[in-house]
$ cat entry01.csv   # CSV, C-alpha atoms
chain,number,residue,atom,x,y,z
A,1,MET,CA,61.5,73.8,-27.1
A,2,ARG,CA,59.4,74.2,-23.9
A,3,ASP,CA,55.8,75.1,-24.0
A,4,THR,CA,56.5,78.5,-22.4
A,5,GLU,CA,59.1,79.7,-24.8
A,6,ILE,CA,57.5,82.4,-26.8
A,7,ASP,CA,60.2,85.0,-26.8
A,8,PHE,CA,61.1,84.4,-30.4
A,9,MET,CA,57.5,84.9,-31.6
A,10,ASP,CA,56.0,88.2,-32.8
A,11,PHE,CA,53.3,89.6,-30.6
A,12,GLU,CA,50.3,88.3,-32.7
A,13,SER,CA,51.6,84.8,-32.9
A,14,ALA,CA,52.4,84.8,-29.2
A,15,ARG,CA,48.9,86.1,-28.4
A,16,GLU,CA,47.3,83.3,-30.4
A,17,TYR,CA,49.6,80.7,-28.8
A,18,VAL,CA,48.7,81.9,-25.3
A,19,LEU,CA,45.0,82.0,-26.2
A,20,ALA,CA,45.2,78.3,-27.2
A,21,PHE,CA,46.7,77.5,-23.8
A,22,VAL,CA,44.0,79.4,-22.0
A,23,THR,CA,41.3,77.7,-24.1
A,24,THR,CA,42.8,74.3,-23.2
A,25,LEU,CA,42.9,75.3,-19.5
A,26,LYS,CA,39.2,76.3,-19.6
A,27,LYS,CA,38.3,73.0,-21.3
A,28,THR,CA,40.2,71.0,-18.7
A,29,GLN,CA,38.5,72.9,-15.9
A,30,ARG,CA,35.1,72.1,-17.4
A,31,ASP,CA,36.0,68.4,-17.9
A,32,ARG,CA,37.1,68.2,-14.3
A,33,ALA,CA,33.9,69.8,-13.1
A,34,VAL,CA,31.9,67.3,-15.1
A,35,ALA,CA,34.0,64.4,-13.9
A,36,GLU,CA,33.6,65.5,-10.2
A,37,GLU,CA,29.8,65.7,-10.7
A,38,GLU,CA,29.8,62.2,-12.1
A,39,LEU,CA,32.0,61.1,-9.2
A,40,ALA,CA,29.5,62.5,-6.7
A,41,HIS,CA,26.7,60.8,-8.5
A,42,TRP,CA,28.4,57.4,-8.3
A,43,ARG,CA,29.2,57.9,-4.6
A,44,SER,CA,25.6,58.4,-4.0
A,45,ARG,CA,24.9,55.1,-5.9
A,46,ILE,CA,27.3,53.4,-3.5
A,47,LYS,CA,25.2,54.6,-0.5
A,48,LEU,CA,22.0,53.7,-2.3
A,49,ALA,CA,23.3,50.2,-3.0
A,50,GLU,CA,24.4,49.9,0.7
A,51,SER,CA,21.0,51.0,1.9
A,52,ARG,CA,19.3,48.4,-0.3
A,53,GLU,CA,21.9,45.8,0.6
A,54,GLU,CA,22.9,45.1,-3.0
A,55,PRO,CA,26.6,44.0,-2.8
A,56,VAL,CA,27.0,43.5,-6.6
A,57,LEU,CA,25.7,47.0,-7.4
A,58,LYS,CA,27.8,48.4,-4.6
A,59,ARG,CA,31.0,46.7,-6.0
A,60,GLY,CA,30.2,48.0,-9.5
A,61,ALA,CA,29.7,51.5,-8.2
A,62,GLU,CA,32.9,51.3,-6.1
A,63,GLU,CA,34.9,50.3,-9.2
A,64,ARG,CA,33.3,53.2,-11.2
A,65,VAL,CA,34.2,55.6,-8.3
A,66,ALA,CA,37.8,54.4,-8.2
A,67,GLY,CA,38.1,55.0,-12.0
A,68,LEU,CA,36.5,58.4,-11.7
A,69,GLN,CA,38.8,59.4,-8.8
A,70,THR,CA,41.8,58.6,-10.9
A,71,HIS,CA,40.4,60.5,-13.8
A,72,CYS,CA,39.6,63.5,-11.6
A,73,GLN,CA,43.1,63.5,-10.1
A,74,ARG,CA,44.7,63.3,-13.5
A,75,LEU,CA,42.5,66.2,-14.7
A,76,LEU,CA,43.4,68.2,-11.6
A,77,GLU,CA,47.1,67.7,-12.2
A,78,GLU,CA,46.7,68.7,-15.8
A,79,GLU,CA,44.8,71.8,-14.8
A,80,LEU,CA,47.4,72.9,-12.3
A,81,ASP,CA,50.2,72.4,-14.9
A,82,LEU,CA,48.3,74.3,-17.5
A,83,LYS,CA,47.5,77.1,-15.0
A,84,ARG,CA,51.2,77.4,-14.2
A,85,LYS,CA,52.1,77.6,-17.8
A,86,VAL,CA,49.3,80.1,-18.6
A,87,ASP,CA,50.6,82.3,-15.8
A,88,VAL,CA,54.1,82.2,-17.2
A,89,LEU,CA,52.9,82.8,-20.8
A,90,LYS,CA,50.8,85.8,-19.8
A,91,GLU,CA,53.8,87.4,-18.2
A,92,LYS,CA,55.9,86.7,-21.3
A,93,LEU,CA,53.1,88.0,-23.5
A,94,LYS,CA,53.1,91.3,-21.6
A,95,ALA,CA,56.8,91.6,-22.2
A,96,ALA,CA,56.3,90.8,-25.9
A,97,LYS,CA,53.7,93.5,-26.1
A,98,ILE,CA,56.0,96.0,-24.6
A,99,ARG,CA,58.8,94.9,-27.0
A,100,SER,CA,56.5,95.1,-30.0
A,101,SER,CA,55.5,98.7,-29.1
A,102,LEU,CA,59.2,99.7,-28.7
A,103,GLN,CA,60.2,98.4,-32.2
A,104,VAL,CA,60.7,101.2,-34.6
A,105,ASP,CA,60.2,101.2,-38.4
A,106,ALA,CA,63.4,102.9,-39.5
A,107,ASP,CA,62.1,103.7,-43.0
A,108,ALA,CA,58.9,105.2,-41.7
A,109,LEU,CA,60.9,107.2,-39.2
A,110,LEU,CA,63.2,108.5,-41.9
A,111,ALA,CA,60.3,109.5,-44.1
A,112,GLN,CA,58.7,111.4,-41.2
A,113,MET,CA,62.0,113.2,-40.5
A,114,GLN,CA,62.4,114.1,-44.1
A,115,MET,CA,58.8,115.5,-44.2
A,116,LEU,CA,59.6,117.6,-41.1
A,117,VAL,CA,63.0,118.9,-42.1
A,118,GLY,CA,63.1,118.4,-45.8
A,119,GLU,CA,65.7,116.7,-47.9
A,120,PRO,CA,69.3,116.8,-46.8
A,121,ASP,CA,71.3,119.9,-47.8
A,122,THR,CA,73.6,118.9,-50.7
A,123,LEU,CA,74.7,122.5,-51.6
A,124,LYS,CA,77.8,122.4,-49.3
A,125,GLU,CA,79.0,119.1,-50.9
A,126,LYS,CA,78.5,120.5,-54.4
A,127,LEU,CA,80.4,123.7,-53.6
A,128,ARG,CA,83.3,121.6,-52.1
A,129,ASP,CA,83.4,119.5,-55.3
A,130,GLU,CA,83.4,122.6,-57.5
A,131,GLU,CA,86.2,124.2,-55.5
A,132,ALA,CA,88.2,121.0,-55.7
A,133,ALA,CA,87.7,120.8,-59.5
A,134,GLN,CA,88.8,124.5,-59.9
A,135,ALA,CA,91.9,123.9,-57.7
A,136,LEU,CA,92.7,120.8,-59.8
A,137,GLU,CA,92.3,122.9,-63.1
A,138,ALA,CA,94.6,125.6,-61.6
A,139,LEU,CA,97.1,123.0,-60.7
A,140,LYS,CA,97.0,121.5,-64.2
A,141,LYS,CA,97.5,124.9,-65.8
A,142,LYS,CA,100.4,125.6,-63.4
A,143,MET,CA,102.0,122.2,-64.2
A,144,GLY,CA,101.5,122.8,-67.9
A,145,GLU,CA,103.2,126.2,-67.8
A,146,SER,CA,106.1,124.9,-65.8
A,147,GLY,CA,106.5,121.9,-68.2
A,148,ASN,CA,106.6,124.2,-71.3
A,149,GLN,CA,109.4,126.4,-70.1

$ encode --input "entry01.csv" --output "structure tokens"
Amino acid sequence: MRDTEIDFMDFESAREYVLAFVTTLKKTQRDRAVAEEELAHWRSRIKLAESREEPVLKRGAEERVAGLQTHCQRLLEEELDLKRKVDVLKEKLKAAKIRSSLQVDADALLAQMQMLVGEPDTLKEKLRDEEAAQALEALKKKMGESGNQ
């Protein structure tokens, strides 16, 4: 199953699932912003170490910057992937909402119809059964009379 397959879920479950993705996206965006601030800080330390002619401090700051650049790049890629998935999930969630509003509770609909029009008319059926019973009795009497002769 792919992350964006929510078509089989009911609307409430799908909404919670999408909300979890949006929450993860927001957290990733915050993490990337923090990492970029730290990256800027360490870049300024490189410049400071250069101005003070401290090669050891500069090398340490450069290593930290390289690690932070990799971390920021990974967070950016994760953020873009999550954003793409969230966009797809939001569209699917809209469709799920429409589907859920179109679903009809057949029992509730039948109850509403019965309240409006009343119970089904069974009189015709009872009359037909009674007429059939009378015709059968007449046929039996006729058969009985013709058998006695």

$ atom_distance --input "entry01.csv" --atom1 "CA of Ala106 in chain A" --atom2 "CA of Tyr17 in chain A"
28.2 Å

$ atom_distance --input "entry01.csv" --atom1 "CA of Glu12 in chain A" --atom2 "CA of Lys85 in chain A"
18.4 Å

$ residues_around --input "entry01.csv" --residues "Asp3 in chain A" --least-positions-apart "5" --cutoff "10 Å" --atoms "all atoms listed in the file" --output "number ranges by chain"
A: 17-18, 21, 82, 85-86, 88-89

$ closest_residue --input "entry01.csv" --among "A:Ser100, A:Gln29, A:Gln114, A:Ser44" --to "Glu79 in chain A" --atoms "all atoms listed in the file"
A:Gln29

$ closest_residue --input "entry01.csv" --among "A:Leu109, A:Leu68, A:Leu93, A:Leu127" --to "Thr4 in chain A" --atoms "all atoms listed in the file"
A:Leu93

$ residues_around --input "entry01.csv" --residues "Glu37 in chain A" --least-positions-apart "4" --cutoff "12 Å" --atoms "only C-alpha atoms" --output "list in words"
Arg30, Asp31, Arg32, Ala33, His41, Trp42, Arg43, Ser44, Val65, Leu68, Gln69 and Cys72 of chain A

$ atom_distance --input "entry01.csv" --atom1 "CA of Asp87 in chain A" --atom2 "CA of Asp10 in chain A"
18.8 Å

$ residues_around --input "entry01.csv" --residues "range 62-64 of chain A" --least-positions-apart "3" --cutoff "12 Å" --atoms "only C-alpha atoms" --output "MDAnalysis selection string"
chainID A and resid 35 38:50 55:59 67:71

$ residues_around --input "entry01.csv" --residues "range 90-92 of chain A" --least-positions-apart "4" --cutoff "10 Å" --atoms "all atoms listed in the file" --output "list of chain:residue names"
A:Thr4, A:Glu5, A:Ile6, A:Asp7, A:Ala14, A:Arg15, A:Val18, A:Leu19, A:Val22, A:Lys85, A:Val86, A:Ala96, A:Lys97, A:Ile98

$ decode --input "entry01.csv" --residues "range 58-97 of chain A" --atoms "N, CA and C atoms" --output "compact mmCIF listing (two decimals), in the first residue's frame"
# COMPACT_ATOMS: atom_id res chain seq x y z
N LYS A 58 38.47 26.91 12.33
CA LYS A 58 37.85 27.02 11.00
C LYS A 58 37.54 25.63 10.44
N ARG A 59 38.49 24.70 10.56
CA ARG A 59 38.29 23.35 10.06
C ARG A 59 37.13 22.65 10.80
N GLY A 60 37.06 22.82 12.10
CA GLY A 60 35.96 22.24 12.88
C GLY A 60 34.61 22.83 12.46
N ALA A 61 34.59 24.14 12.24
CA ALA A 61 33.35 24.79 11.81
C ALA A 61 32.96 24.35 10.41
N GLU A 62 33.95 24.16 9.53
CA GLU A 62 33.68 23.70 8.17
C GLU A 62 33.10 22.28 8.17
N GLU A 63 33.61 21.43 9.05
CA GLU A 63 33.07 20.07 9.17
C GLU A 63 31.62 20.11 9.66
N ARG A 64 31.39 20.98 10.62
CA ARG A 64 30.01 21.12 11.14
C ARG A 64 29.08 21.66 10.06
N VAL A 65 29.55 22.63 9.26
CA VAL A 65 28.76 23.19 8.17
C VAL A 65 28.44 22.10 7.13
N ALA A 66 29.43 21.27 6.81
CA ALA A 66 29.21 20.20 5.82
C ALA A 66 28.12 19.24 6.32
N GLY A 67 28.20 18.88 7.59
CA GLY A 67 27.18 17.99 8.16
C GLY A 67 25.81 18.63 8.17
N LEU A 68 25.75 19.91 8.51
CA LEU A 68 24.47 20.62 8.54
C LEU A 68 23.89 20.81 7.14
N GLN A 69 24.76 21.03 6.15
CA GLN A 69 24.27 21.16 4.78
C GLN A 69 23.61 19.85 4.32
N THR A 70 24.23 18.74 4.64
CA THR A 70 23.67 17.44 4.30
C THR A 70 22.33 17.24 5.01
N HIS A 71 22.30 17.58 6.28
CA HIS A 71 21.07 17.45 7.07
C HIS A 71 19.96 18.35 6.51
N CYS A 72 20.29 19.59 6.17
CA CYS A 72 19.30 20.52 5.60
C CYS A 72 18.79 20.02 4.26
N GLN A 73 19.67 19.48 3.43
CA GLN A 73 19.28 18.95 2.13
C GLN A 73 18.32 17.77 2.30
N ARG A 74 18.65 16.88 3.25
CA ARG A 74 17.78 15.72 3.50
C ARG A 74 16.41 16.18 4.00
N LEU A 75 16.39 17.16 4.89
CA LEU A 75 15.12 17.68 5.39
C LEU A 75 14.31 18.36 4.28
N LEU A 76 14.99 19.06 3.39
CA LEU A 76 14.30 19.71 2.27
C LEU A 76 13.67 18.66 1.35
N GLU A 77 14.42 17.60 1.05
CA GLU A 77 13.88 16.53 0.20
C GLU A 77 12.68 15.87 0.87
N GLU A 78 12.79 15.61 2.17
CA GLU A 78 11.68 15.01 2.92
C GLU A 78 10.47 15.95 2.92
N GLU A 79 10.73 17.23 3.10
CA GLU A 79 9.64 18.22 3.10
C GLU A 79 8.92 18.25 1.75
N LEU A 80 9.69 18.25 0.67
CA LEU A 80 9.09 18.28 -0.67
C LEU A 80 8.27 17.02 -0.94
N ASP A 81 8.79 15.87 -0.50
CA ASP A 81 8.07 14.61 -0.67
C ASP A 81 6.77 14.63 0.14
N LEU A 82 6.85 15.10 1.38
CA LEU A 82 5.65 15.18 2.21
C LEU A 82 4.64 16.17 1.62
N LYS A 83 5.13 17.29 1.10
CA LYS A 83 4.22 18.29 0.53
C LYS A 83 3.48 17.70 -0.66
N ARG A 84 4.18 16.96 -1.49
CA ARG A 84 3.55 16.32 -2.65
C ARG A 84 2.48 15.33 -2.18
N LYS A 85 2.83 14.53 -1.20
CA LYS A 85 1.87 13.55 -0.68
C LYS A 85 0.67 14.23 -0.02
N VAL A 86 0.91 15.30 0.72
CA VAL A 86 -0.18 16.02 1.38
C VAL A 86 -1.12 16.61 0.33
N ASP A 87 -0.57 17.14 -0.75
CA ASP A 87 -1.42 17.69 -1.82
C ASP A 87 -2.32 16.61 -2.42
N VAL A 88 -1.74 15.43 -2.67
CA VAL A 88 -2.51 14.32 -3.23
C VAL A 88 -3.57 13.87 -2.22
N LEU A 89 -3.15 13.75 -0.95
CA LEU A 89 -4.08 13.30 0.09
C LEU A 89 -5.23 14.27 0.29
N LYS A 90 -4.95 15.56 0.21
CA LYS A 90 -6.03 16.55 0.38
C LYS A 90 -7.06 16.42 -0.74
N GLU A 91 -6.60 16.19 -1.96
CA GLU A 91 -7.53 16.01 -3.07
C GLU A 91 -8.37 14.75 -2.87
N LYS A 92 -7.71 13.68 -2.44
CA LYS A 92 -8.44 12.44 -2.21
C LYS A 92 -9.40 12.58 -1.03
N LEU A 93 -9.03 13.39 -0.05
CA LEU A 93 -9.91 13.61 1.10
C LEU A 93 -11.16 14.37 0.67
N LYS A 94 -11.00 15.33 -0.23
CA LYS A 94 -12.17 16.04 -0.76
C LYS A 94 -13.12 15.06 -1.45
N ALA A 95 -12.55 14.15 -2.23
CA ALA A 95 -13.37 13.16 -2.92
C ALA A 95 -14.06 12.23 -1.92
N ALA A 96 -13.34 11.86 -0.86
CA ALA A 96 -13.93 10.99 0.17
C ALA A 96 -15.06 11.70 0.90
N LYS A 97 -14.92 12.99 1.09
CA LYS A 97 -15.98 13.76 1.75
C LYS A 97 -17.23 13.78 0.87
